[in-house]
>>> print(open('final-v5.cif').read())   # mmCIF, C-alpha atoms
data_start
#
loop_
_atom_site.label_atom_id
_atom_site.label_comp_id
_atom_site.auth_asym_id
_atom_site.auth_seq_id
_atom_site.Cartn_x
_atom_site.Cartn_y
_atom_site.Cartn_z
CA MET A 13 89.19 -19.28 95.66
CA SER A 14 88.20 -22.70 96.95
CA LYS A 15 89.04 -25.90 95.10
CA VAL A 16 85.36 -26.74 94.73
CA SER A 17 84.77 -23.52 92.80
CA LEU A 18 87.51 -24.56 90.36
CA LEU A 19 85.55 -27.74 89.57
CA LEU A 20 82.01 -26.33 89.56
CA ARG A 21 81.61 -23.77 86.79
CA ALA A 22 78.88 -22.79 84.38
CA ASP A 23 80.22 -25.28 81.84
CA SER A 24 80.55 -28.18 84.34
CA THR A 25 79.14 -31.52 83.25
CA TRP A 26 76.84 -33.75 85.29
CA GLY A 27 79.75 -36.09 85.85
CA THR A 28 81.56 -33.31 87.71
CA VAL A 29 78.57 -32.14 89.74
CA THR A 30 77.07 -35.52 90.70
CA PRO A 31 79.70 -36.58 93.29
CA PHE A 32 79.31 -33.28 95.15
CA LEU A 33 75.51 -33.65 95.18
CA PHE A 34 75.86 -37.24 96.42
CA VAL A 35 78.10 -36.20 99.33
CA HIS A 36 75.75 -33.31 100.15
CA GLY A 37 72.75 -35.65 100.17
CA ILE A 38 74.49 -38.10 102.52
CA GLY A 39 75.37 -35.24 104.89
CA VAL A 40 71.82 -33.88 104.91
CA GLY A 41 70.47 -37.38 105.56
CA PHE A 42 72.73 -37.85 108.58
CA ALA A 43 71.91 -34.38 109.94
CA THR A 44 68.16 -34.81 109.49
CA ALA A 45 68.06 -38.11 111.35
CA GLN A 46 70.01 -36.65 114.27
CA LEU A 47 67.88 -33.51 114.38
CA THR A 48 64.68 -35.49 114.76
CA GLY A 49 66.20 -37.45 117.64
CA VAL A 50 67.37 -34.27 119.37
CA VAL A 51 63.92 -32.69 119.10
CA LEU A 52 62.04 -35.76 120.36
CA ILE A 53 64.31 -36.55 123.31
CA ASP A 54 62.97 -33.63 125.38
CA VAL A 55 59.30 -34.25 124.56
CA PRO A 56 57.03 -36.48 126.66
CA LEU A 57 56.05 -39.69 124.89
CA GLU A 58 52.34 -38.76 124.67
CA ARG A 59 53.23 -35.54 122.77
CA SER A 60 55.90 -37.02 120.51
CA GLY A 61 53.58 -37.17 117.48
CA GLN A 62 52.79 -33.46 117.73
CA ALA A 63 56.47 -32.59 118.23
CA SER A 64 57.51 -34.71 115.27
CA GLY A 65 54.84 -33.13 113.06
CA THR A 66 55.87 -29.63 114.12
CA GLN A 67 59.53 -30.36 113.46
CA ILE A 68 58.86 -31.85 110.03
CA THR A 69 56.52 -29.01 109.07
CA SER A 70 59.07 -26.41 110.14
CA ARG A 71 61.78 -28.16 108.13
CA GLN A 72 59.61 -28.34 105.00
CA VAL A 73 58.47 -24.71 105.23
CA GLY A 74 62.09 -23.63 105.76
CA ALA A 75 63.20 -25.65 102.75
CA ALA A 76 60.47 -24.14 100.57
CA PHE A 77 61.33 -20.58 101.59
CA GLY A 78 65.04 -21.30 101.20
CA ILE A 79 64.54 -22.56 97.66
CA ALA A 80 62.35 -19.56 96.82
CA VAL A 81 64.89 -17.07 98.16
CA LEU A 82 67.90 -18.78 96.58
CA GLY A 83 66.04 -19.16 93.28
CA THR A 84 65.21 -15.47 93.26
CA VAL A 85 68.81 -14.52 94.02
CA LEU A 86 70.05 -16.87 91.29
CA CYS A 87 67.64 -15.50 88.67
CA LEU A 88 68.43 -11.86 89.51
CA THR A 89 72.18 -12.52 89.44
CA LEU A 90 71.97 -14.36 86.12
CA GLN A 91 69.84 -11.59 84.63
CA HIS A 92 72.32 -8.93 85.76
CA HIS A 93 75.32 -10.80 84.35
CA LEU A 94 73.53 -11.85 81.16
CA ASP A 95 72.56 -8.27 80.32
CA GLY A 96 76.16 -7.16 80.80
CA ASP A 97 77.56 -10.07 78.79
CA LEU A 98 75.14 -9.45 75.90
CA SER A 99 76.00 -5.76 75.83
CA ALA A 100 79.73 -6.57 75.87
CA ALA A 101 79.23 -8.93 72.92
CA GLY A 102 77.50 -6.18 70.94
CA MET A 103 74.05 -7.78 71.11
CA PRO A 104 70.92 -5.93 72.23
CA ALA A 105 69.82 -6.70 75.76
#
>>> encode(input="final-v5.cif", output="structure tokens")
Amino acid sequence: MSKVSLLLRADSTWGTVTPFLFVHGIGVGFATAQLTGVVLIDVPLERSGQASGTQITSRQVGAAFGIAVLGTVLCLTLQHHLDGDLSAAGMPA
């Protein structure tokens, strides 16, 4: 088990989670800036606007689908565990 999983649990407070989200946000910011530069370096100057728009659109669509998929997985996992936990506690599902 990783050390991060020992800190981030279902009963974790915002004070515990916030530093990890801050570090994640910094990392994504650095990666995003570099990715745009890598994409635009191989594109002729007169087509840089189109390339930038395509790259940003692809990133946003990927983020939206990623959130949808991860949200679905999270909801299904929580539902599965909640039903089992309620049954184990003697409550109706």
>>> atom_distance(input="final-v5.cif", atom1="CA of Ile53 in chain A", atom2="CA of Gln67 in chain A")
12.6 Å
>>> atom_distance(input="final-v5.cif", atom1="CA of Thr44 in chain A", atom2="CA of Glu58 in chain A")
22.3 Å
>>> atom_distance(input="final-v5.cif", atom1="CA of Arg71 in chain A", atom2="CA of Val40 in chain A")
12.0 Å
>>> resolve_selection(input="final-v5.cif", expression="the PyMOL selection byres ((chain A and resi 48) around 12)", output="VMD selection string")
chain A and resid 41 to 47 49 to 55 60 to 61 63 to 71
